[in-house]
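Participant: Next comes the structure file my_file37.txt, holding compact mmCIF, C-alpha atoms.
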# COMPACT_ATOMS: atom_id res chain seq x y z
CA MET A 1 35.60 -1.09 73.88
CA ARG A 2 35.14 2.51 72.75
CA ARG A 3 36.99 4.41 70.08
CA ARG A 4 36.66 7.21 67.57
CA GLY A 5 37.69 7.13 63.93
CA SER A 6 37.28 8.70 60.52
CA ARG A 7 34.61 8.44 57.82
CA ALA A 8 36.97 6.19 55.87
CA THR A 9 37.01 3.85 58.85
CA CYS A 10 33.20 3.90 58.85
CA ILE A 11 33.01 2.93 55.16
CA ARG A 12 35.66 0.23 55.50
CA SER A 13 33.81 -1.26 58.47
CA VAL A 14 30.55 -1.47 56.55
CA VAL A 15 32.18 -3.09 53.52
CA LEU A 16 34.20 -5.57 55.59
CA ALA A 17 31.27 -6.57 57.77
CA THR A 18 29.06 -7.12 54.74
CA ALA A 19 31.65 -9.35 53.14
CA VAL A 20 32.14 -11.36 56.33
CA CYS A 21 28.43 -11.97 56.80
CA LEU A 22 27.92 -13.10 53.22
CA LEU A 23 30.94 -15.36 53.09
CA VAL A 24 30.91 -17.03 56.51
CA PRO A 25 29.19 -20.45 56.24
CA ALA A 26 26.78 -20.08 59.13
CA LEU A 27 17.99 -20.14 61.30
CA GLY A 28 15.98 -17.46 61.48
CA ARG A 29 14.27 -15.67 64.26
CA ALA A 30 10.58 -15.97 64.91
CA GLU A 31 9.38 -12.87 63.08
CA PRO A 32 6.06 -11.92 61.46
CA TYR A 33 7.38 -12.08 57.90
CA PHE A 34 7.72 -15.86 58.31
CA MET A 35 3.97 -15.96 58.98
CA VAL A 36 3.30 -14.20 55.66
CA ARG A 37 5.87 -16.17 53.72
CA ALA A 38 4.68 -19.55 55.03
CA GLY A 39 0.95 -18.71 55.23
CA ALA A 40 0.78 -19.78 58.91
CA LYS A 41 -0.44 -18.10 62.10
CA CYS A 42 1.67 -17.19 65.14
CA SER A 43 -0.15 -19.91 67.12
CA ASP A 44 1.07 -22.55 64.65
CA CYS A 45 4.72 -21.96 65.50
CA HIS A 46 4.71 -20.69 69.11
CA THR A 47 3.47 -22.02 72.44
CA ASN A 48 2.61 -18.42 73.30
CA LEU A 49 -0.22 -18.17 70.79
CA THR A 50 0.30 -14.44 70.16
CA GLY A 51 3.90 -14.96 69.02
CA GLY A 52 7.42 -15.08 70.35
CA GLY A 53 9.10 -17.48 72.77
CA LYS A 54 9.20 -21.26 72.58
CA ARG A 55 8.61 -22.99 69.23
CA THR A 56 5.99 -25.68 68.80
CA ALA A 57 6.45 -29.17 67.35
CA PHE A 58 5.05 -27.79 64.07
CA ALA A 59 7.89 -25.24 63.89
CA HIS A 60 10.54 -27.91 64.54
CA ILE A 61 9.11 -30.42 62.06
CA HIS A 62 8.76 -27.82 59.29
CA ALA A 63 11.83 -25.74 60.15
CA HIS A 64 13.57 -26.46 56.85
CA ASP A 65 10.46 -25.62 54.81
CA ILE A 66 9.89 -22.36 56.69
CA LEU A 67 13.51 -21.16 56.77
CA ASN A 68 14.90 -22.55 53.50
CA ASP A 69 18.20 -23.09 55.31
CA VAL A 70 21.19 -24.37 53.38
CA ASP A 71 22.13 -26.93 56.10
CA VAL A 72 25.85 -27.10 55.25
CA LEU A 73 27.36 -27.89 58.65
CA PRO A 74 29.25 -31.24 58.68
CA ILE A 75 26.74 -33.17 60.80
CA PRO A 76 27.56 -36.92 61.10
CA ALA A 77 25.29 -39.27 59.19
CA GLY A 78 22.44 -40.56 61.35
CA ALA A 79 22.78 -37.77 63.94
CA LYS A 80 19.39 -36.56 65.16
CA ALA A 81 18.79 -32.90 65.94
CA PHE A 82 17.44 -31.93 69.37
CA ASN A 83 13.81 -30.79 69.21
CA GLY A 84 13.49 -29.60 72.82
CA ASP A 85 11.37 -32.55 74.03
CA LEU A 86 12.67 -33.98 77.32
CA ASN A 87 9.80 -36.47 77.57
CA ASP A 88 6.12 -36.71 76.61
CA TRP A 89 5.15 -33.92 79.03
CA VAL A 90 8.11 -31.54 79.36
CA SER A 91 9.84 -29.56 76.61
CA ILE A 92 12.23 -26.63 76.53
CA GLY A 93 13.51 -24.01 74.12
CA SER A 94 16.04 -21.20 74.07
CA ASP A 95 17.27 -18.07 72.29
CA LEU A 96 20.79 -16.67 72.49
CA ARG A 97 21.75 -13.50 70.62
CA VAL A 98 25.25 -12.04 70.71
CA ARG A 99 25.75 -8.72 68.92
CA ASN A 100 28.53 -6.28 68.20
CA THR A 101 27.14 -2.77 67.74
CA THR A 102 29.25 -0.04 66.16
CA VAL A 103 27.84 3.48 66.45
CA PHE A 104 28.80 6.27 64.04
CA ALA A 105 28.19 9.92 64.96
CA ASP A 106 29.08 13.49 64.03
CA ASP A 107 30.55 16.13 66.32
CA PRO A 108 27.97 18.76 67.33
CA ASP A 109 28.53 22.33 66.19
CA LYS A 110 28.87 25.27 68.56
CA ASN A 111 25.08 25.25 69.08
CA GLY A 112 25.11 21.57 70.04
CA GLN A 113 23.42 20.52 66.79
CA VAL A 114 24.25 18.03 64.03
CA LYS A 115 22.94 17.61 60.51
CA ASN A 116 20.14 15.12 59.99
CA ASP A 117 19.16 12.95 57.01
CA ARG A 118 22.68 11.55 56.65
CA PHE A 119 23.54 8.04 55.41
CA THR A 120 27.00 8.07 57.04
CA ARG A 121 28.59 9.84 59.99
CA ASN A 122 32.18 11.03 60.40
CA ASN A 123 33.27 9.31 63.61
CA VAL A 124 33.20 5.86 65.13
CA GLU A 125 31.59 6.76 68.42
CA SER A 126 31.70 3.30 70.03
CA SER A 127 31.95 -0.41 69.31
CA ASP A 128 30.61 -2.86 71.87
CA LEU A 129 30.10 -6.63 71.97
CA ALA A 130 27.25 -7.76 74.22
CA VAL A 131 24.84 -10.59 74.87
CA GLN A 132 21.55 -9.10 73.73
CA GLU A 133 19.35 -11.98 74.79
CA PHE A 134 19.55 -15.31 76.58
CA ASN A 135 16.10 -16.76 77.19
CA LEU A 136 15.08 -20.23 78.34
CA TYR A 137 11.51 -21.46 77.76
CA THR A 138 9.88 -24.34 79.63
CA GLN A 139 6.56 -26.01 78.84
CA VAL A 140 4.90 -28.65 81.03
CA ASP A 141 1.89 -30.35 79.45
CA LEU A 142 -0.19 -31.57 82.38
CA TRP A 143 -2.78 -32.78 79.89
CA PRO A 144 -1.26 -32.57 76.39
CA ASP A 145 -3.18 -30.19 74.10
CA VAL A 146 -5.50 -29.20 76.98
CA LEU A 147 -3.63 -27.77 80.01
CA SER A 148 -0.05 -26.48 79.97
CA LEU A 149 2.23 -24.49 82.24
CA TYR A 150 4.60 -22.15 80.40
CA ALA A 151 7.56 -20.08 81.61
CA ASP A 152 9.85 -17.66 79.76
CA GLU A 153 12.97 -16.77 81.74
CA ASN A 154 15.58 -14.17 80.82
CA PHE A 155 19.10 -15.10 82.01
CA ASN A 156 20.93 -12.15 80.47
CA GLY A 157 22.89 -10.69 83.40
CA GLY A 158 20.71 -12.45 85.98
CA ALA A 159 17.40 -14.27 86.16
CA THR A 160 14.24 -12.33 85.28
CA ASN A 161 10.89 -13.94 84.59
CA ARG A 162 9.22 -12.61 81.43
CA GLU A 163 6.21 -14.91 81.24
CA ALA A 164 4.69 -17.42 83.69
CA MET A 165 1.22 -18.65 82.83
CA ALA A 166 -1.25 -21.46 82.48
CA ILE A 167 -2.76 -22.15 79.05
CA ILE A 168 -6.08 -23.99 78.67
CA ARG A 169 -7.25 -25.04 75.22
CA GLY A 170 -8.71 -27.86 73.17
CA PHE A 171 -12.14 -28.30 74.77
CA LEU A 172 -14.03 -25.25 73.46
CA PRO A 173 -15.16 -24.57 69.85
CA TYR A 174 -13.23 -22.37 67.40
CA ASP A 175 -9.91 -23.50 68.87
CA THR A 176 -10.52 -21.23 71.87
CA TYR A 177 -7.77 -20.80 74.47
CA ILE A 178 -7.49 -19.08 77.84
CA LYS A 179 -4.26 -18.10 79.52
CA GLY A 180 -3.54 -16.37 82.80
CA GLY A 181 -0.52 -15.24 84.79
CA ARG A 182 2.34 -13.03 83.64
CA LEU A 183 2.16 -12.46 79.88
CA PHE A 184 2.83 -10.07 77.03
CA PRO A 185 -0.46 -8.30 76.19
CA THR A 186 -1.43 -8.95 72.59
CA PHE A 187 -0.99 -6.02 70.21
CA GLY A 188 0.18 -5.57 66.61
CA LEU A 189 3.02 -7.32 64.81
CA ARG A 190 5.48 -9.11 67.10
CA VAL A 191 8.58 -7.74 65.39
CA GLN A 192 11.76 -8.77 67.20
CA ASP A 193 13.23 -5.26 67.43
CA ASP A 194 12.02 -3.76 70.72
CA ASP A 195 13.44 -0.38 69.65
CA ALA A 196 11.08 -0.16 66.66
CA TYR A 197 8.81 2.86 67.04
CA ILE A 198 5.68 0.69 66.79
CA ARG A 199 6.93 -1.34 69.76
CA ARG A 200 8.90 0.99 72.01
CA ARG A 201 6.51 3.93 71.73
CA THR A 202 3.40 1.80 72.28
CA GLY A 203 5.00 -0.01 75.22
CA PHE A 204 4.27 -3.47 73.79
CA THR A 205 7.77 -4.93 73.71
CA PHE A 206 9.37 -8.20 74.79
CA GLN A 207 10.55 -6.40 77.94
CA ASN A 208 7.16 -5.33 79.34
CA PRO A 209 5.07 -8.28 80.55
CA ASP A 210 2.07 -7.71 82.79
CA GLU A 211 -0.08 -9.80 85.12
CA GLY A 212 -3.55 -10.67 83.89
CA GLY A 213 -5.47 -12.93 81.56
CA GLU A 214 -6.19 -13.43 77.88
CA ILE A 215 -8.80 -15.24 75.80
CA GLY A 216 -8.48 -16.01 72.11
CA PHE A 217 -10.17 -17.74 69.21
CA SER A 218 -8.53 -19.20 66.12
CA PRO A 219 -11.12 -20.51 63.63
CA GLY A 220 -9.80 -21.31 60.17
CA PRO A 221 -7.58 -18.51 58.81
CA PHE A 222 -8.63 -16.06 61.54
CA PHE A 223 -7.23 -15.16 64.96
CA LEU A 224 -8.84 -12.91 67.59
CA ALA A 225 -7.59 -12.34 71.14
CA SER A 226 -8.18 -9.93 74.01
CA SER A 227 -6.12 -9.40 77.16
CA LEU A 228 -6.88 -7.64 80.44
CA THR A 229 -3.91 -6.88 82.70
CA ASN A 230 -2.89 -4.69 85.66
CA GLY A 231 -1.38 -1.80 83.69
CA ALA A 232 0.76 0.75 85.52
CA GLY A 233 1.61 -0.23 89.09
CA GLY A 234 0.38 1.68 92.12
CA ASP A 235 -3.01 2.68 90.74
CA THR A 236 -6.50 1.26 90.27
CA ASP A 237 -6.49 1.45 86.47
CA PHE A 238 -6.10 -1.44 84.03
CA LEU A 239 -4.76 -2.20 80.54
CA SER A 240 -6.93 -3.92 77.94
CA THR A 241 -6.12 -4.93 74.36
CA VAL A 242 -7.85 -6.48 71.38
CA ASN A 243 -5.92 -7.94 68.45
CA GLY A 244 -7.30 -9.75 65.41
CA TYR A 245 -6.01 -10.82 62.02
CA GLY A 246 -6.52 -13.20 59.14
CA VAL A 247 -3.97 -15.11 57.02
CA PHE A 248 -5.36 -15.97 53.58
CA THR A 249 -3.58 -18.38 51.25
CA ASP A 250 -4.07 -19.92 47.77
CA LEU A 251 -4.78 -16.51 46.27
CA PRO A 252 -4.17 -15.47 42.66
CA VAL A 253 -0.85 -13.73 41.93
CA VAL A 254 0.31 -13.59 45.58
CA ARG A 255 0.83 -16.63 47.83
CA SER A 256 -0.74 -15.20 50.98
CA VAL A 257 -2.18 -12.03 52.51
CA LEU A 258 -2.13 -10.92 56.16
CA ALA A 259 -4.62 -8.30 57.40
CA GLY A 260 -5.14 -7.30 61.03
CA ALA A 261 -5.91 -4.56 63.53
CA SER A 262 -5.30 -3.85 67.22
CA PHE A 263 -6.60 -1.54 69.92
CA ALA A 264 -5.28 -0.89 73.42
CA ARG A 265 -6.66 1.07 76.32
CA GLN A 266 -3.48 1.72 78.28
CA SER A 267 -5.03 4.04 80.86
CA ASN A 268 -7.91 6.47 81.20
CA LYS A 269 -5.71 9.06 79.44
CA ARG A 270 -4.01 7.02 76.70
CA ASN A 271 -5.29 4.81 73.90
CA VAL A 272 -3.44 3.26 70.95
CA GLY A 273 -4.99 1.84 67.80
CA GLY A 274 -3.34 0.34 64.77
CA PHE A 275 -3.69 -1.79 61.69
CA TYR A 276 -1.18 -4.02 59.93
CA GLY A 277 -0.83 -6.31 56.95
CA GLY A 278 1.49 -8.10 54.60
CA THR A 279 1.76 -10.12 51.42
CA ASN A 280 4.32 -11.79 49.18
CA LEU A 281 5.00 -11.83 45.47
CA TRP A 282 7.68 -13.97 43.83
CA LYS A 283 10.71 -13.70 46.15
CA PHE A 284 9.47 -10.58 47.92
CA THR A 285 7.68 -10.54 51.30
CA TRP A 286 6.33 -7.30 52.78
CA ILE A 287 4.76 -6.43 56.13
CA ALA A 288 3.71 -3.06 57.57
CA GLU A 289 2.00 -1.53 60.58
CA MET A 290 0.63 1.92 61.43
CA ASP A 291 -0.33 2.99 64.97
CA VAL A 292 -2.23 6.09 66.05
CA TYR A 293 -1.88 7.49 69.58
CA ASN A 294 -4.45 9.33 71.67
CA ASP A 295 -2.36 10.58 74.57
CA ARG A 296 -3.80 13.03 77.10
CA THR A 297 -1.34 12.60 79.97
CA VAL A 298 0.04 15.83 81.43
CA ALA A 299 3.67 14.68 81.34
CA THR A 300 3.67 14.41 77.53
CA ALA A 301 1.99 17.76 76.78
CA LYS A 302 5.07 19.32 75.12
CA ARG A 303 6.16 16.26 73.17
CA ARG A 304 3.43 13.80 72.25
CA ASP A 305 3.54 10.93 69.82
CA ARG A 306 0.83 11.24 67.16
CA TYR A 307 1.32 8.20 64.94
CA ALA A 308 4.04 5.74 63.96
CA ALA A 309 4.55 3.71 60.78
CA TYR A 310 6.69 0.64 60.12
CA SER A 311 7.43 -1.17 56.86
CA GLU A 312 9.61 -4.22 56.28
CA LEU A 313 10.58 -5.71 52.91
CA HIS A 314 12.37 -9.05 52.40
CA PHE A 315 13.94 -10.49 49.28
CA LEU A 316 14.91 -14.16 49.20
CA ALA A 317 18.00 -13.75 47.07
CA PHE A 318 18.87 -17.43 47.37
CA GLU A 319 17.06 -20.21 49.19
CA TRP A 320 19.38 -19.61 52.13
CA LEU A 321 19.92 -15.83 52.03
CA ASP A 322 17.33 -13.25 53.04
CA LEU A 323 17.95 -9.56 52.30
CA ARG A 324 15.88 -7.15 54.35
CA SER A 325 15.13 -3.45 54.57
CA THR A 326 12.92 -1.48 56.95
CA PHE A 327 11.60 2.06 57.13
CA GLU A 328 10.11 3.70 60.21
CA PHE A 329 8.55 7.07 60.91
CA ILE A 330 7.05 8.60 64.01
CA ARG A 331 5.16 11.88 64.13
CA VAL A 332 5.92 13.81 67.32
CA SER A 333 4.47 17.18 68.26
CA ASN A 334 6.52 20.41 68.03
CA ASP A 335 8.55 19.23 65.02
CA ASN A 336 10.22 16.37 66.89
CA ASP A 337 9.57 13.78 64.16
CA GLN A 338 11.98 10.87 63.79
CA THR A 339 12.78 8.47 60.96
CA ARG A 340 14.82 5.28 60.77
CA TRP A 341 15.66 2.84 58.00
CA THR A 342 17.83 -0.24 57.75
CA LEU A 343 19.51 -2.55 55.27
CA GLY A 344 20.54 -6.06 56.25
CA ALA A 345 21.32 -9.64 55.28
CA GLU A 346 20.48 -12.91 57.06
CA PRO A 347 21.99 -16.21 55.84
CA PHE A 348 19.98 -19.28 56.87
CA ILE A 349 22.63 -21.84 57.75
CA ASN A 350 20.65 -24.49 59.61
CA ARG A 351 17.77 -24.79 62.07
CA PHE A 352 19.87 -23.73 65.07
CA LEU A 353 22.24 -21.05 63.80
CA GLN A 354 21.83 -17.73 61.99
CA PRO A 355 24.19 -14.77 61.61
CA ARG A 356 22.86 -11.33 60.77
CA ILE A 357 24.23 -7.99 59.64
CA GLN A 358 22.28 -4.75 59.68
CA TYR A 359 23.11 -1.11 59.01
CA ARG A 360 20.65 1.33 60.60
CA VAL A 361 20.33 5.06 59.95
CA ASN A 362 18.61 7.17 62.64
CA ASN A 363 17.43 10.72 61.97
CA GLY A 364 15.67 13.15 64.28
CA PRO A 365 15.72 16.78 65.42
CA LYS A 366 19.09 18.46 64.87
CA THR A 367 19.16 19.56 68.50
CA ASP A 368 19.57 15.95 69.72
CA PRO A 369 22.77 14.33 68.36
CA THR A 370 21.84 10.96 69.91
CA LEU A 371 18.88 10.73 67.51
CA ASN A 372 21.13 11.32 64.49
CA GLN A 373 23.48 8.34 64.46
CA CYS A 374 24.20 5.30 62.30
CA GLU A 375 24.61 1.78 63.68
CA LEU A 376 26.19 -1.37 62.32
CA TRP A 377 25.03 -4.64 63.90
CA ILE A 378 26.78 -7.98 63.48
CA GLU A 379 24.77 -10.61 65.32
CA LEU A 380 24.86 -14.35 65.88
CA HIS A 381 21.62 -16.06 66.86
CA MET A 382 21.53 -19.62 68.25
CA PHE A 383 18.25 -21.22 69.24
CA PHE A 384 16.12 -24.33 69.46
If you took the structure in this file and wrote it as structure tokens, what would it be?
Facilitator:
Amino acid sequence: MRRRGSRATCIRSVVLATAVCLLVPALGRAEPYFMVRAGAKCSDCHTNLTGGGKRTAFAHIHAHDILNDVDVLPIPAGAKAFNGDLNDWVSIGSDLRVRNTTVFADDPDKNGQVKNDRFTRNNVESSDLAVQEFNLYTQVDLWPDVLSLYADENFNGGATNREAMAIIRGFLPYDTYIKGGRLFPTFGLRVQDDDAYIRRRTGFTFQNPDEGGEIGFSPGPFFLASSLTNGAGGDTDFLSTVNGYGVFTDLPVVRSVLAGASFARQSNKRNVGGFYGGTNLWKFTWIAEMDVYNDRTVATAKRRDRYAAYSELHFLAFEWLDLRSTFEFIRVSNDNDQTRWTLGAEPFINRFLQPRIQYRVNNGPKTDPTLNQCELWIELHMFF
């Protein structure tokens, strides 16, 4: 459905959507801020040890402690929640996200330009309801805790395999693992938003798997992994990454601190390096990442990314309600810089269900109206 409206319509939509999200009695997504808030590593909560995808038994057992959900649904006494285990060797998981996105925009002037740095826009450009994600994860433990087969399948509009790999672990020191097949190369914070500058502009999203292998070590509070994959198709080059971090808990003043860095050789003409971190204080949790690009490809000569920054702040207003804000910036050559920031709320209803509302402001060069729009997301996430 597409329509256009006034600024008053824009304001009313924001107010109404905020009220609905906060009042509807409705778990959270696997995002890096949970790692900082809980003082755990990605490999504690995910079968894919670098984050994302199927949850582990640890994540299911400690779901309430990690999410602080209010658990208000009228579940019959004695009813047992499904944990994804089909038997002692086979387990499954899933993510379903349904989102309505309303886009607000201004009409370009006679030169085809619009004003930037605006919190609101005059017109409702479009409003669309869509399934954003429907993934099914399958894990077969041939030898539990030693050899597993793992598959991540996207069924949104068809069947597309995202990951298909074997994982070997448990017999080498330092909790070493090896995985091979189709996988997401390890790099940076695994934030869920694939449109974030630190994900889309580096190419390390949840939409870009690659064939290759990875080895990692996880001694104590530390994690270090390196992947080697095919890279761009049709050539003889390769893509290699290194990603390492530490999660430190029981510290004075703050509960935990995350500190990490990544490097990727994407081709013989493009490298990306970055560092990231996070901490929490009282009810606040903060994570951030900064990436620097060294791009020498001919196609990008007139418009090259220089560096991108991402910051995310969470406030646990109640045990069941998380308020979040983000700020992003990307430096692009020839004055094509872009910024983006968001405000949102995420009620934690139970371990399977989470609604979300987010208002995002995009700003870029005045000559590109599509980079100067506002978006309102209302999303429902169901998972196990």
Participant: Determine, for each residue of range 196-312 of chain A having at least one atom at most 8 Å from an atom of range 156-176 of chain A, the closest pair of atoms and their separation in Å to one decimal, counting only C-alpha atoms; order by chain and ascending number, as a Markdown table.
Facilitator:
| residue | atom | partner | partner_atom | distance |
| --- | --- | --- | --- | --- |
| A:Phe206 | CA | A:Arg162 | CA | 8.0 |
| A:Gln207 | CA | A:Arg162 | CA | 7.2 |
| A:Asn208 | CA | A:Arg162 | CA | 7.8 |
| A:Pro209 | CA | A:Arg162 | CA | 6.1 |
| A:Ile215 | CA | A:Thr176 | CA | 7.4 |
| A:Gly216 | CA | A:Thr176 | CA | 5.6 |
| A:Phe217 | CA | A:Thr176 | CA | 4.4 |
| A:Ser218 | CA | A:Asp175 | CA | 5.3 |
| A:Pro219 | CA | A:Tyr174 | CA | 4.7 |
Participant: Could you please determine the separation between CA of Phe119 in chain A and CA of Glu31 in chain A in Å, to one decimal place?
Facilitator: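 Interatomic distance here is 26.4 Å.
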Participant: Would you list the contacts of range 136-147 of chain A as a ChimeraX atom specification, taking every protein, DNA or RNA residue within 9 Å and counting only C-alpha atoms, but skipping same-chain residues closer than 5 positions in sequence?
Facilitator: /A:47,53-54,88-96,152-155,166-171
Participant: Extract, using only C-alpha atoms, all DNA, RNA and protein residues at most 8 Å from Ser311 in chain A, discarding same-chain residues fewer than 3 positions from it, and format them as a list in words.
Facilitator: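 Contacts, in chain order: Trp286, Ile287, Ala288, Glu289, Thr326, Phe327 and Glu328 of chain A.
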Participant: Distance CA of Tyr245 in chain A-CA of Arg200 in chain A, one decimal place?
Facilitator: 21.5 Å
Participant: Measuring atom to atom with all atoms listed in the file, identify which of A:Asn350, A:Asn362, A:Thr367, A:Tyr150 is nearest to Asp195 in chain A.
Facilitator: A:Asn362
Participant: Determine the nearest neighbour of Asn100 in chain A from the options A:Ile75, A:Met35, A:Val131, A:Val114, counting only C-alpha atoms.
Facilitator: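 Closest residue, counting only C-alpha atoms: A:Val131.
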Participant: Enter the distance from CA of Lys115 in chain A to CA of Tyr307 in chain A, in Å, rounded to one decimal.
Facilitator: 24.0 Å
Participant: Show which residues sit within 9 Å of range 293-297 of chain A, as a VMD selection string. Count only C-alpha atoms, and ignore same-chain residues fewer than 5 positions away.
Facilitator: chain A and resid 202 268 to 274 304 to 308
Participant: Please, could N, CA and C atoms be added to range 156-176 of chain A and the result written as a JSON list (two decimals), in the coordinates of the input?
Facilitator:
[["chain", "number", "residue", "atom", "x", "y", "z"],
["A", 156, "ASN", "N", 19.91, -13.09, 80.93],
["A", 156, "ASN", "CA", 20.93, -12.15, 80.47],
["A", 156, "ASN", "C", 21.31, -11.21, 81.61],
["A", 157, "GLY", "N", 22.43, -11.50, 82.28],
["A", 157, "GLY", "CA", 22.89, -10.69, 83.40],
["A", 157, "GLY", "C", 22.18, -10.97, 84.70],
["A", 158, "GLY", "N", 21.48, -12.09, 84.80],
["A", 158, "GLY", "CA", 20.71, -12.45, 85.98],
["A", 158, "GLY", "C", 19.48, -13.21, 85.55],
["A", 159, "ALA", "N", 18.61, -13.52, 86.48],
["A", 159, "ALA", "CA", 17.40, -14.27, 86.16],
["A", 159, "ALA", "C", 16.18, -13.37, 86.35],
["A", 160, "THR", "N", 15.44, -13.15, 85.25],
["A", 160, "THR", "CA", 14.24, -12.33, 85.28],
["A", 160, "THR", "C", 13.13, -13.07, 84.56],
["A", 161, "ASN", "N", 12.01, -13.25, 85.21],
["A", 161, "ASN", "CA", 10.89, -13.94, 84.59],
["A", 161, "ASN", "C", 10.14, -13.00, 83.66],
["A", 162, "ARG", "N", 9.98, -13.41, 82.40],
["A", 162, "ARG", "CA", 9.22, -12.61, 81.43],
["A", 162, "ARG", "C", 7.77, -13.08, 81.35],
["A", 163, "GLU", "N", 7.56, -14.38, 81.28],
["A", 163, "GLU", "CA", 6.21, -14.91, 81.24],
["A", 163, "GLU", "C", 6.11, -16.13, 82.17],
["A", 164, "ALA", "N", 4.98, -16.26, 82.85],
["A", 164, "ALA", "CA", 4.69, -17.42, 83.69],
["A", 164, "ALA", "C", 3.18, -17.57, 83.70],
["A", 165, "MET", "N", 2.67, -18.58, 83.00],
["A", 165, "MET", "CA", 1.22, -18.65, 82.83],
["A", 165, "MET", "C", 0.75, -20.07, 82.62],
["A", 166, "ALA", "N", -0.56, -20.22, 82.81],
["A", 166, "ALA", "CA", -1.25, -21.46, 82.48],
["A", 166, "ALA", "C", -2.04, -21.23, 81.20],
["A", 167, "ILE", "N", -2.04, -22.24, 80.32],
["A", 167, "ILE", "CA", -2.76, -22.15, 79.05],
["A", 167, "ILE", "C", -3.75, -23.31, 78.99],
["A", 168, "ILE", "N", -5.02, -22.98, 78.78],
["A", 168, "ILE", "CA", -6.08, -23.99, 78.67],
["A", 168, "ILE", "C", -6.65, -23.91, 77.25],
["A", 169, "ARG", "N", -6.72, -25.03, 76.59],
["A", 169, "ARG", "CA", -7.25, -25.04, 75.22],
["A", 169, "ARG", "C", -7.71, -26.45, 74.85],
["A", 170, "GLY", "N", -8.40, -26.55, 73.72],
["A", 170, "GLY", "CA", -8.71, -27.86, 73.17],
["A", 170, "GLY", "C", -10.06, -28.42, 73.53],
["A", 171, "PHE", "N", -10.85, -27.74, 74.39],
["A", 171, "PHE", "CA", -12.14, -28.30, 74.77],
["A", 171, "PHE", "C", -13.31, -27.37, 74.43],
["A", 172, "LEU", "N", -13.01, -26.19, 73.87],
["A", 172, "LEU", "CA", -14.03, -25.25, 73.46],
["A", 172, "LEU", "C", -14.02, -25.10, 71.94],
["A", 173, "PRO", "N", -15.13, -24.71, 71.32],
["A", 173, "PRO", "CA", -15.16, -24.57, 69.85],
["A", 173, "PRO", "C", -14.27, -23.42, 69.37],
["A", 174, "TYR", "N", -14.03, -23.41, 68.07],
["A", 174, "TYR", "CA", -13.23, -22.37, 67.40],
["A", 174, "TYR", "C", -11.79, -22.30, 67.90],
["A", 175, "ASP", "N", -11.29, -23.43, 68.36],
["A", 175, "ASP", "CA", -9.91, -23.50, 68.87],
["A", 175, "ASP", "C", -9.66, -22.40, 69.91],
["A", 176, "THR", "N", -10.59, -22.26, 70.83],
["A", 176, "THR", "CA", -10.52, -21.23, 71.87],
["A", 176, "THR", "C", -9.45, -21.59, 72.90]]
